[in-house]
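So this block is entry_12.csv, CSV, C-alpha atoms:
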chain,number,residue,atom,x,y,z
A,16,MET,CA,0.0,0.0,0.0
A,17,SER,CA,1.3,3.5,-0.9
A,18,ALA,CA,2.5,5.8,1.8
A,19,ARG,CA,0.1,8.3,0.4
A,20,ALA,CA,-2.9,6.0,0.4
A,21,PRO,CA,-6.2,7.6,1.5
A,22,LEU,CA,-6.8,7.8,5.2
A,23,THR,CA,-9.9,5.7,4.9
A,24,ALA,CA,-7.8,2.8,3.7
A,25,ARG,CA,-5.1,3.3,6.2
A,26,GLY,CA,-7.3,3.9,9.2
A,27,GLY,CA,-5.6,4.0,12.6
A,28,ARG,CA,-2.2,3.1,11.1
A,29,HIS,CA,-1.8,6.7,10.0
A,30,THR,CA,-0.8,7.9,13.4
A,31,LEU,CA,1.3,4.9,14.3
A,32,GLU,CA,3.4,5.2,11.1
A,33,HIS,CA,4.1,8.9,11.8
A,34,VAL,CA,5.1,8.0,15.3
A,35,SER,CA,7.5,5.3,14.1
A,36,HIS,CA,9.1,7.7,11.6
A,37,LEU,CA,9.6,10.3,14.3
A,38,ALA,CA,11.0,7.7,16.7
A,39,LEU,CA,13.8,6.6,14.3
A,40,PHE,CA,14.9,10.2,13.6
A,41,LEU,CA,14.8,11.0,17.4
A,42,VAL,CA,17.0,7.9,18.2
A,43,VAL,CA,19.5,8.8,15.5
A,44,GLY,CA,19.5,12.5,16.6
A,45,ALA,CA,20.0,11.4,20.3
A,46,GLY,CA,22.9,9.2,19.1
A,47,PHE,CA,24.5,12.2,17.4
A,48,VAL,CA,24.2,14.3,20.6
A,49,ARG,CA,25.8,11.6,22.8
A,50,LEU,CA,28.6,11.2,20.2
A,51,ALA,CA,29.3,14.9,20.6
A,52,LEU,CA,29.4,14.6,24.4
A,53,ILE,CA,31.7,11.5,24.7
A,54,ASP,CA,34.9,10.4,23.0
A,55,VAL,CA,34.5,6.9,21.6
A,56,PRO,CA,36.6,4.9,19.1
A,57,LEU,CA,35.3,4.5,15.5
A,58,CYS,CA,33.3,7.7,16.1
A,59,TRP,CA,33.2,8.7,12.4
A,60,TYR,CA,32.2,5.3,11.4
A,61,ILE,CA,29.2,5.4,13.7
A,62,VAL,CA,28.3,8.9,12.6
A,63,SER,CA,28.5,7.8,8.9
A,64,LEU,CA,26.4,4.7,9.5
A,65,SER,CA,23.7,6.4,11.6
A,66,GLY,CA,23.5,9.2,9.1
A,67,ALA,CA,23.2,6.7,6.3
A,68,LEU,CA,20.5,4.9,8.2
A,69,ALA,CA,18.5,8.1,8.6
A,70,LEU,CA,19.1,9.2,4.9
A,71,VAL,CA,18.0,5.8,3.5
A,72,TYR,CA,14.9,5.8,5.7
A,73,ALA,CA,14.0,9.4,4.7
A,74,ALA,CA,14.7,8.6,1.0
A,75,GLY,CA,12.4,5.6,1.1
A,76,LEU,CA,9.6,7.7,2.5
A,77,THR,CA,10.2,10.6,0.0
A,78,TRP,CA,10.4,8.3,-3.1
A,79,TRP,CA,7.9,5.8,-1.8
A,80,ASP,CA,5.7,5.7,-5.0
A,81,ARG,CA,8.8,5.8,-7.3
A,82,LEU,CA,10.4,2.8,-5.6
A,83,GLY,CA,7.4,0.5,-6.4
A,84,PRO,CA,6.8,-2.8,-4.7
A,85,LEU,CA,10.2,-4.3,-5.5
A,86,GLY,CA,12.1,-1.2,-4.5
A,87,ARG,CA,10.2,-1.0,-1.2
A,88,ARG,CA,10.9,-4.7,-0.5
A,89,ALA,CA,14.7,-4.0,-1.0
A,90,TRP,CA,14.5,-0.9,1.1
A,91,VAL,CA,13.7,-2.8,4.3
A,92,PRO,CA,16.6,-5.3,4.2
A,93,VAL,CA,19.0,-2.4,3.6
A,94,LEU,CA,17.7,-0.6,6.6
A,95,VAL,CA,18.0,-3.7,8.8
A,96,LEU,CA,21.5,-4.4,7.5
A,97,LEU,CA,22.7,-0.8,8.3
A,98,TRP,CA,21.1,-1.0,11.7
A,99,THR,CA,22.7,-4.3,12.5
A,100,VAL,CA,26.2,-3.1,11.6
A,101,LEU,CA,25.6,0.1,13.6
A,102,THR,CA,24.5,-1.7,16.7
A,103,PHE,CA,27.5,-4.1,16.7
A,104,LEU,CA,30.0,-1.3,16.0
A,105,THR,CA,28.8,1.0,18.8
A,106,GLN,CA,30.1,0.5,22.3
A,107,ALA,CA,28.1,0.0,25.4
A,108,PRO,CA,27.1,3.7,26.1
A,109,LEU,CA,25.4,4.0,22.7
A,110,THR,CA,24.2,0.5,22.1
A,111,THR,CA,21.2,1.0,24.4
A,112,ALA,CA,20.2,4.1,22.4
A,113,TYR,CA,20.4,2.6,18.9
A,114,VAL,CA,18.6,-0.7,19.8
A,115,TRP,CA,15.3,1.3,19.9
A,116,CYS,CA,15.5,1.7,16.1
A,117,ALA,CA,14.1,-1.8,16.1
A,118,LEU,CA,10.6,-0.4,16.6
A,119,PRO,CA,10.3,1.8,13.5
A,120,LEU,CA,12.1,-0.9,11.5
A,121,ALA,CA,9.6,-3.5,12.6
A,122,CYS,CA,6.8,-1.2,11.5
A,123,ALA,CA,8.4,-0.6,8.1
A,124,ALA,CA,8.7,-4.4,7.6
A,125,LEU,CA,5.0,-4.9,8.5
A,126,ARG,CA,4.0,-2.1,6.1
A,127,VAL,CA,6.0,-3.3,3.2
A,128,LEU,CA,6.5,-7.0,3.3
A,129,GLY,CA,4.1,-9.9,3.1
A,130,ARG,CA,3.0,-11.6,6.3
A,131,ARG,CA,5.6,-14.4,6.3
A,132,ALA,CA,8.4,-12.2,5.2
A,133,ALA,CA,7.5,-9.6,7.8
A,134,VAL,CA,7.4,-12.2,10.6
A,135,VAL,CA,10.9,-13.4,9.5
A,136,THR,CA,12.2,-9.9,9.4
A,137,VAL,CA,10.9,-9.0,12.8
A,138,ALA,CA,12.4,-12.2,14.2
A,139,VAL,CA,15.8,-11.2,12.7
A,140,ILE,CA,15.4,-7.8,14.3
A,141,THR,CA,14.7,-9.4,17.6
A,142,VAL,CA,17.8,-11.6,17.4
A,143,VAL,CA,20.0,-8.7,16.5
A,144,LEU,CA,18.4,-6.7,19.3
A,145,VAL,CA,19.1,-9.4,21.9
A,146,GLY,CA,22.6,-10.0,20.6
A,147,SER,CA,23.6,-6.4,20.6
A,148,LEU,CA,22.4,-6.0,24.2
A,149,VAL,CA,24.2,-9.2,25.3
A,150,ARG,CA,27.4,-7.9,23.6
A,151,ALA,CA,27.1,-4.5,25.3
A,152,THR,CA,26.5,-5.8,28.8
A,153,GLY,CA,28.6,-9.0,28.6
A,154,ARG,CA,25.8,-11.2,29.8
A,155,PHE,CA,22.1,-11.9,29.2
A,156,ASP,CA,20.2,-9.7,31.6
A,157,PRO,CA,16.4,-10.3,31.3
A,158,GLU,CA,15.6,-6.9,32.7
A,159,VAL,CA,17.6,-5.2,30.0
A,160,ALA,CA,16.9,-7.5,27.0
A,161,LEU,CA,13.2,-8.3,27.5
A,162,VAL,CA,11.9,-4.8,27.7
A,163,PRO,CA,12.8,-3.7,24.1
A,164,VAL,CA,11.9,-7.2,22.8
A,165,ALA,CA,8.4,-6.9,24.5
A,166,ALA,CA,8.1,-3.4,23.1
A,167,VAL,CA,8.9,-4.6,19.5
A,168,TRP,CA,6.4,-7.5,19.6
A,169,ALA,CA,3.7,-5.4,21.3
A,170,THR,CA,4.1,-2.9,18.5
A,171,VAL,CA,3.8,-5.7,15.9
A,172,ALA,CA,0.6,-7.0,17.5
A,173,LEU,CA,-0.9,-3.4,17.6
A,174,TYR,CA,0.1,-2.8,14.0
A,175,ARG,CA,-1.4,-6.1,12.8
A,176,THR,CA,-4.6,-5.3,14.6
A,177,GLN,CA,-4.8,-1.9,13.0
A,178,GLN,CA,-4.1,-3.5,9.6
A,179,ARG,CA,-7.0,-5.9,10.0
A,180,ASP,CA,-9.3,-3.0,11.1
A,181,ALA,CA,-8.2,-0.9,8.1
A,182,ALA,CA,-8.9,-3.9,5.8
A,183,VAL,CA,-12.4,-4.2,7.3
A,184,ARG,CA,-13.1,-0.5,6.9
A,185,GLN,CA,-11.9,-0.5,3.3
A,186,ARG,CA,-14.1,-3.4,2.5
A,187,LEU,CA,-17.1,-1.6,4.1
A,188,VAL,CA,-16.2,1.5,2.1
A,189,GLU,CA,-16.2,-0.4,-1.1
A,190,GLU,CA,-19.5,-2.1,-0.3
A,191,LEU,CA,-21.0,1.3,0.5
A,192,ARG,CA,-19.7,2.6,-2.8
A,193,ASP,CA,-21.2,-0.3,-4.7
A,194,THR,CA,-24.5,0.1,-2.9
A,195,ARG,CA,-24.5,3.9,-3.7
A,196,ASP,CA,-23.9,3.1,-7.4
A,197,THR,CA,-26.7,0.6,-7.4
A,198,LEU,CA,-29.1,3.0,-5.8
A,199,ALA,CA,-28.1,5.7,-8.3
A,200,GLU,CA,-28.8,3.4,-11.2
A,201,GLN,CA,-32.2,2.4,-9.6
A,202,GLN,CA,-33.0,6.1,-9.2
A,203,ARG,CA,-32.1,6.8,-12.8
A,204,GLN,CA,-34.3,3.9,-14.0
A,205,ALA,CA,-37.1,5.2,-11.8
A,206,GLY,CA,-36.7,8.7,-13.3
A,207,VAL,CA,-36.8,7.2,-16.8
A,208,LEU,CA,-40.0,5.2,-15.9
A,209,ALA,CA,-41.6,8.3,-14.4
A,210,GLU,CA,-40.8,10.3,-17.5
A,211,ARG,CA,-42.4,7.6,-19.7
A,212,THR,CA,-45.4,7.6,-17.4
A,213,ARG,CA,-45.8,11.4,-17.8
A,214,ILE,CA,-45.5,11.2,-21.6
A,215,ALA,CA,-48.1,8.4,-21.7
A,216,ARG,CA,-50.4,10.5,-19.5
A,217,ASP,CA,-49.9,13.6,-21.6
A,218,LEU,CA,-50.6,11.7,-24.8
A,219,HIS,CA,-53.7,10.1,-23.3
A,220,ASP,CA,-55.1,13.3,-22.0
A,221,THR,CA,-54.5,15.3,-25.2
A,222,LEU,CA,-54.0,13.5,-28.4
A,223,ALA,CA,-55.8,10.2,-27.6
A,224,GLN,CA,-58.9,12.0,-26.2
A,225,GLU,CA,-59.0,14.5,-29.1
A,226,LEU,CA,-58.5,11.8,-31.7
A,227,ALA,CA,-61.3,9.6,-30.2
A,228,GLY,CA,-63.6,12.6,-30.3
A,229,SER,CA,-62.7,13.3,-33.9
A,230,VAL,CA,-63.4,9.7,-34.9
A,231,MET,CA,-66.9,9.9,-33.3
A,232,MET,CA,-67.6,13.2,-35.1
A,233,LEU,CA,-66.6,11.7,-38.4
A,234,GLN,CA,-68.8,8.8,-37.8
A,235,VAL,CA,-71.7,11.1,-37.1
A,236,ALA,CA,-70.9,13.2,-40.1
A,237,GLU,CA,-70.9,10.1,-42.3
A,238,ARG,CA,-74.3,9.1,-41.0
A,239,ASP,CA,-75.7,12.6,-41.7
A,240,TRP,CA,-73.9,13.2,-45.0
A,241,ASP,CA,-76.9,12.4,-47.2
A,242,GLU,CA,-79.8,13.7,-45.1
A,243,ARG,CA,-78.1,16.8,-43.6
A,244,PRO,CA,-75.0,17.6,-45.7
A,245,ASP,CA,-74.6,21.1,-44.1
A,246,VAL,CA,-74.4,19.7,-40.6
A,247,ALA,CA,-72.0,16.9,-41.8
A,248,ARG,CA,-69.7,19.5,-43.4
A,249,THR,CA,-69.7,21.6,-40.2
A,250,ARG,CA,-68.6,18.5,-38.3
A,251,VAL,CA,-65.9,17.7,-40.8
A,252,ARG,CA,-64.6,21.3,-40.6
A,253,ALA,CA,-64.6,21.0,-36.8
A,254,VAL,CA,-62.6,17.8,-37.0
A,255,ALA,CA,-60.2,19.4,-39.4
A,256,ASP,CA,-59.7,22.3,-37.0
A,257,GLY,CA,-59.2,19.9,-34.1
A,258,LEU,CA,-56.7,17.9,-36.0
A,259,GLY,CA,-54.7,21.1,-36.7
A,260,ALA,CA,-54.7,21.8,-33.0
A,261,ASN,CA,-53.6,18.2,-32.3
A,262,LEU,CA,-50.8,18.5,-34.8
A,263,ALA,CA,-49.6,21.7,-33.0
A,264,GLU,CA,-49.8,19.9,-29.7
A,265,THR,CA,-47.9,16.9,-31.1
A,266,ARG,CA,-45.1,19.2,-32.3
A,267,ARG,CA,-45.0,20.9,-28.9
A,268,ILE,CA,-44.6,17.6,-27.2
A,269,ILE,CA,-41.8,16.5,-29.6
A,270,ARG,CA,-40.1,19.9,-29.1
A,271,ASP,CA,-40.2,19.5,-25.4
A,272,LEU,CA,-38.8,16.0,-25.6
A,273,THR,CA,-36.0,16.8,-27.9
A,274,PRO,CA,-32.8,17.9,-26.1
A,275,ALA,CA,-31.7,19.7,-29.2
A,276,ALA,CA,-33.6,22.7,-28.1
A,277,VAL,CA,-31.1,23.1,-25.2
A,278,ALA,CA,-28.1,22.0,-27.3
A,279,GLU,CA,-28.9,24.4,-30.1
A,280,ALA,CA,-30.2,27.5,-28.3
A,281,GLY,CA,-28.3,27.0,-25.0
A,282,LEU,CA,-29.9,26.5,-21.5
A,283,GLU,CA,-30.6,30.2,-20.9
A,284,ASP,CA,-32.4,30.8,-24.2
A,285,ALA,CA,-34.3,27.5,-23.9
A,286,LEU,CA,-35.5,28.5,-20.5
A,287,ARG,CA,-36.5,31.9,-21.8
A,288,LEU,CA,-38.5,30.3,-24.7
A,289,LEU,CA,-40.1,27.9,-22.2
A,290,CYS,CA,-41.3,30.7,-20.0
A,291,ALA,CA,-42.6,32.7,-23.0
A,292,ARG,CA,-44.5,29.6,-24.3
A,293,SER,CA,-46.0,29.1,-20.8
A,294,ARG,CA,-47.4,32.6,-21.0
A,295,THR,CA,-49.0,32.0,-24.3
A,296,GLU,CA,-50.5,28.6,-23.4
A,297,GLY,CA,-53.1,30.0,-21.0
A,298,ALA,CA,-51.4,28.8,-17.9
A,299,GLY,CA,-53.5,31.2,-15.8
A,300,ALA,CA,-50.3,32.8,-14.3
A,301,SER,CA,-47.9,35.5,-15.3
A,302,VAL,CA,-44.6,33.7,-16.0
A,303,ARG,CA,-41.5,35.9,-15.9
A,304,PHE,CA,-37.9,34.9,-16.6
A,305,HIS,CA,-34.9,36.7,-15.1
A,306,ALA,CA,-31.1,35.9,-15.6
A,307,VAL,CA,-28.6,37.0,-13.1
A,308,GLY,CA,-24.8,36.9,-13.0
A,309,ALA,CA,-22.0,38.0,-15.3
A,310,HIS,CA,-20.3,34.6,-15.5
A,311,GLN,CA,-20.9,32.2,-18.4
A,312,PRO,CA,-20.4,28.7,-16.9
A,313,VAL,CA,-20.2,25.8,-19.3
A,314,LEU,CA,-22.5,22.8,-18.6
A,315,ASP,CA,-22.4,19.5,-20.4
A,316,ASP,CA,-25.5,18.6,-22.4
A,317,HIS,CA,-26.8,16.1,-19.9
A,318,THR,CA,-26.7,18.5,-17.0
A,319,ALA,CA,-28.2,21.4,-19.0
A,320,THR,CA,-31.0,19.1,-20.2
A,321,THR,CA,-31.7,17.9,-16.7
A,322,LEU,CA,-32.1,21.5,-15.5
A,323,PHE,CA,-34.4,22.2,-18.4
A,324,ARG,CA,-36.5,19.1,-17.5
A,325,VAL,CA,-36.7,20.3,-13.9
A,326,ALA,CA,-38.0,23.7,-15.1
A,327,GLN,CA,-40.6,22.0,-17.4
A,328,SER,CA,-41.8,19.8,-14.7
A,329,THR,CA,-42.0,22.6,-12.1
A,330,LEU,CA,-43.9,24.9,-14.4
A,331,ALA,CA,-46.3,22.0,-15.3
A,332,ASN,CA,-46.9,21.4,-11.5
A,333,VAL,CA,-47.6,25.2,-11.0
A,334,ARG,CA,-50.0,25.2,-14.0
A,335,GLU,CA,-51.9,22.1,-12.7
A,336,HIS,CA,-51.8,22.4,-8.9
A,337,ALA,CA,-50.6,25.8,-7.6
A,338,ARG,CA,-53.4,28.2,-8.8
A,339,ALA,CA,-50.7,30.9,-8.8
A,340,ALA,CA,-51.1,34.4,-10.2
A,341,SER,CA,-47.4,35.0,-10.7
A,342,VAL,CA,-44.4,32.8,-11.4
A,343,LEU,CA,-40.8,33.9,-11.5
A,344,VAL,CA,-38.1,31.8,-13.0
A,345,THR,CA,-34.6,33.0,-12.1
A,346,TYR,CA,-31.4,31.7,-13.7
A,347,ARG,CA,-28.3,32.6,-11.6
A,348,ARG,CA,-24.9,32.2,-13.1
A,349,HIS,CA,-22.0,31.9,-10.6
A,350,ARG,CA,-18.4,31.1,-11.3
A,351,ASP,CA,-18.5,27.6,-9.9
A,352,ARG,CA,-22.2,26.7,-10.0
A,353,VAL,CA,-25.6,27.4,-11.7
A,354,GLU,CA,-28.8,27.9,-9.9
A,355,LEU,CA,-32.3,27.6,-11.3
A,356,GLU,CA,-35.1,28.9,-9.1
A,357,VAL,CA,-38.9,28.7,-9.8
A,358,SER,CA,-41.0,30.6,-7.2
A,359,ASP,CA,-44.8,31.1,-7.3
A,360,ASP,CA,-47.5,32.7,-5.1
A,361,GLY,CA,-49.8,29.8,-5.3
A,362,LEU,CA,-51.4,27.4,-2.8
A,363,GLY,CA,-48.2,25.8,-1.5
A,364,PHE,CA,-47.9,22.3,0.0
A,365,ASP,CA,-46.0,20.3,2.6
A,366,PRO,CA,-42.5,19.4,1.2
A,367,ALA,CA,-42.0,16.7,3.7
A,368,ALA,CA,-44.9,14.8,2.3
A,369,ALA,CA,-43.7,15.2,-1.2
A,370,PHE,CA,-40.3,13.6,-0.3
A,371,ALA,CA,-41.6,11.0,2.0
A,372,VAL,CA,-40.9,7.3,1.2
A,373,GLY,CA,-43.6,6.0,-1.1
A,374,ALA,CA,-44.8,9.4,-2.1
A,375,ARG,CA,-46.4,9.4,-5.6
A,376,ALA,CA,-44.9,11.7,-8.2
A,377,ASP,CA,-48.0,13.4,-9.7
A,378,ARG,CA,-46.1,14.5,-12.8
A,379,GLY,CA,-43.0,14.0,-14.8
A,380,PHE,CA,-39.8,14.0,-12.8
A,381,GLY,CA,-41.6,14.4,-9.5
A,382,LEU,CA,-39.6,16.2,-6.8
A,383,PRO,CA,-37.8,13.0,-5.5
A,384,ALA,CA,-36.9,11.9,-9.0
A,385,ALA,CA,-35.8,15.4,-9.9
A,386,ARG,CA,-33.5,15.5,-6.9
A,387,ALA,CA,-32.1,12.1,-7.7
A,388,ARG,CA,-31.4,13.1,-11.3
A,389,LEU,CA,-29.7,16.3,-10.2
A,390,ARG,CA,-27.5,14.5,-7.7
A,391,GLU,CA,-26.3,12.3,-10.5
A,392,CYS,CA,-25.1,15.5,-12.2
A,393,GLY,CA,-23.4,16.6,-8.9
A,394,GLY,CA,-26.2,19.0,-8.0
A,395,ASP,CA,-29.2,19.1,-5.6
A,396,LEU,CA,-32.8,20.2,-5.3
A,397,ASP,CA,-34.1,22.4,-2.5
A,398,VAL,CA,-37.8,22.9,-2.0
A,399,SER,CA,-39.4,25.4,0.5
A,400,SER,CA,-43.1,25.8,0.6
A,401,VAL,CA,-45.8,26.9,3.1
A,402,PRO,CA,-49.5,26.0,2.5
A,403,GLY,CA,-51.1,29.2,1.3
A,404,ARG,CA,-47.9,31.1,0.9
A,405,GLY,CA,-46.4,29.8,-2.3
A,406,THR,CA,-43.5,27.6,-3.3
A,407,ARG,CA,-39.9,28.0,-4.2
A,408,VAL,CA,-38.0,25.2,-6.0
A,409,ARG,CA,-34.2,25.7,-6.4
A,410,ALA,CA,-32.0,23.4,-8.5
A,411,THR,CA,-28.2,23.8,-8.1
A,412,VAL,CA,-25.5,22.1,-10.1
A,413,SER,CA,-21.7,22.7,-10.1
A,414,ALA,CA,-20.1,24.1,-13.2
A,415,PRO,CA,-16.6,22.8,-14.2
A,416,PRO,CA,-13.9,25.4,-14.2
A,417,ARG,CA,-12.9,26.9,-17.5
A,418,ILE,CA,-9.6,25.8,-18.8
A,419,ARG,CA,-7.6,28.5,-20.5
A,420,PRO,CA,-6.1,27.5,-23.8
A,421,VAL,CA,-2.3,27.3,-23.8
A,422,ALA,CA,-0.6,29.7,-26.3
A,423,PRO,CA,1.3,27.9,-29.0
A,424,LEU,CA,5.1,27.8,-28.5
A,425,THR,CA,6.8,30.2,-31.0
A,426,ALA,CA,10.4,30.8,-31.8
A,427,ALA,CA,10.4,34.0,-29.8
A,428,THR,CA,9.1,32.3,-26.6
A,429,ALA,CA,11.3,29.3,-27.1
A,430,SER,CA,14.4,31.5,-27.2

In structure tokens, how does this file's structure come out?
Amino acid sequence: MSARAPLTARGGRHTLEHVSHLALFLVVGAGFVRLALIDVPLCWYIVSLSGALALVYAAGLTWWDRLGPLGRRAWVPVLVLLWTVLTFLTQAPLTTAYVWCALPLACAALRVLGRRAAVVTVAVITVVLVGSLVRATGRFDPEVALVPVAAVWATVALYRTQQRDAAVRQRLVEELRDTRDTLAEQQRQAGVLAERTRIARDLHDTLAQELAGSVMMLQVAERDWDERPDVARTRVRAVADGLGANLAETRRIIRDLTPAAVAEAGLEDALRLLCARSRTEGAGASVRFHAVGAHQPVLDDHTATTLFRVAQSTLANVREHARAASVLVTYRRHRDRVELEVSDDGLGFDPAAAFAVGARADRGFGLPAARARLRECGGDLDVSSVPGRGTRVRATVSAPPRIRPVAPLTAATAS
């Protein structure tokens, strides 16, 4: 695992690793101080070896990713070898100081090597530790030798426990991520199904009903064609006028369903046309559009179309349920996000009931489905409403930062 791995994957080992790094540098630094205070033979050899140990350790941490798995596996034996030579070269006053490098070296072995190789390396560290203490004191003193050995193996046990805990947490994070992706896909499918249901209802309530009435009028006109030709012609003309209106309605539905309106005109102009069309369709409310902000954020087609669908659905809900006298659609352009707000002075409702589990979407997206679709685009939906005091629906999506084009390299700039 990389030294720069996410904290969620490393868990409690994050603190222990930093402590082990600090411990090694403190031990080496304390050895330098003691070397400056006492005069021992082979002083420069000890200084060189302890400095090499610290430099190799720091280099491994600095170039952790560049070393790769093989380089890191070679890094640990080099550290153990340098430490072994250092402990056997130093005399008794310094041996007890450098033996404590065993703790960070054991942590490094556990972090880099496999389970068996790590156990073998820690065993070698333990043998070197006991041997250096016996050589320094001239005898095996349990009180002197067993304390650092116990500290090393207690650290190993603690590190292993934290490794297992980190593995469990990582597995839970991955399961949570998979569950989130599954829920997002289910919400997307639910949004598609809700949109299909809305289209079917709109077709049934408009075209199907009108066509059924036109068929009945044509049948009556055919029956009266010989006896009352004037009445029959009047019915045929009424059917022709109705079919013309149905054709216009069909074109409107196709235009609303085609994302090309947003792709060609842009989100702001498409919203402006939507509000203008809502005013001319006899919605019973004054629909105004207002754009705010000097920035021009760039949205991908999917995000722009989703915002347009939210505006369509919200205006349709206002037209059918709110009984509002005034509707204001505000498009706010920020540097890092885009906000679309639809506010009305209608009847209002209880937002908690609309977002409750099992709540039925009365139209199109529905508020829960609209929120799910916006979250797929990295946005969110906020609804505030009080019965009798109107409703405000605000959709927010993040806008990617603009990337400035790099100027081409010319001969003048190259020189």

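Between A:Leu39 and the candidates A:Leu82, A:Val91, A:Val251, A:Cys116, the tightest atom-to-atom separation, counting all atoms listed in the file, involves A:Cys116.
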
(request) Can you work out which one of A:Ala215, A:Ile269, A:Val357, A:Leu233 has the shortest atom-to-atom distance to A:Gly257, counting all atoms listed in the file? (result)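 Among the listed residues, A:Leu233 lies closest to A:Gly257.
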
(message) Between atom CA of A:Cys392 and atom CA of A:Leu330, what is the distance in Å, rounded to a tenth?
(response)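 Rounded to one decimal, the two atoms are 21.1 Å apart.
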
(request) Provide the atom CA of A:Phe364 to atom CA of A:Val401 distance in Å, to one decimal place. (result) 5.9 Å

(message) For a test of reading the model, state the distance in Å between atom CA of A:Val145 and atom CA of A:Ala73, rounded to one decimal.
(response) 26.0 Å

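Checking A:Pro383, A:Pro119, A:Gly281, A:Gly146 one by one against A:Thr318, counting only C-alpha atoms, you find the shortest gap at A:Gly281.
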
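You can rank A:Thr212, A:Thr102, A:Asn261, A:Gln185 by their closest distance to A:Leu144 using all atoms listed in the file, and at the top of that list sits A:Thr102.
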
List as a short mmCIF file (atom, residue, chain, number, x, y, z; two decimals) with C-alpha atoms, in the frame of the given file the protein and nucleic acid residues near A:Ser301, meaning an atom at most 7 Å away when only C-alpha atoms are counted, but skip any in the same chain fewer than 2 places from it.
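result-v5.cif was written with the following content:
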data_model
loop_
_atom_site.label_atom_id
_atom_site.label_comp_id
_atom_site.auth_asym_id
_atom_site.auth_seq_id
_atom_site.Cartn_x
_atom_site.Cartn_y
_atom_site.Cartn_z
CA ARG A 294 -47.40 32.60 -21.00
CA ARG A 303 -41.50 35.90 -15.90
CA ALA A 340 -51.10 34.40 -10.20
CA SER A 341 -47.40 35.00 -10.70
CA VAL A 342 -44.40 32.80 -11.40
#

(request) Fewer than 5 positions away in the same chain doesn't count, so skip those; otherwise give me all residues within 9 Å of A:Gly394, counting only C-alpha atoms, as a ChimeraX atom specification. (result) /A:352,386,388-389,410-413

(message) List as an NGL selection string the protein and nucleic acid residues near A:Ala291, meaning an atom at most 12 Å away when only C-alpha atoms are counted, but skip any in the same chain fewer than 6 places from it.
(response) :A and (284-285 or 297-298 or 300-305 or 330 or 342-344)

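Nearest residue to A:Gly403 among A:Leu96, A:Ala138, A:Ala339, A:Ala117 is A:Ala339, counting all atoms listed in the file.
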
(message) Considering all atoms listed in the file, can you say which of A:Ala384, A:Leu128, A:Leu226, A:Ala209 comes closest to A:Ala89?
(response)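 With all atoms listed in the file as the atom set, the closest residue is A:Leu128.
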
(request) May I have the residues at most 10 Å from (-60.4, 14.6, -30.6) in the file's coordinates, counting all atoms listed in the file, as a VMD selection string? (result) chain A and resid 221 to 232 253 to 254 257 to 258 260 to 261
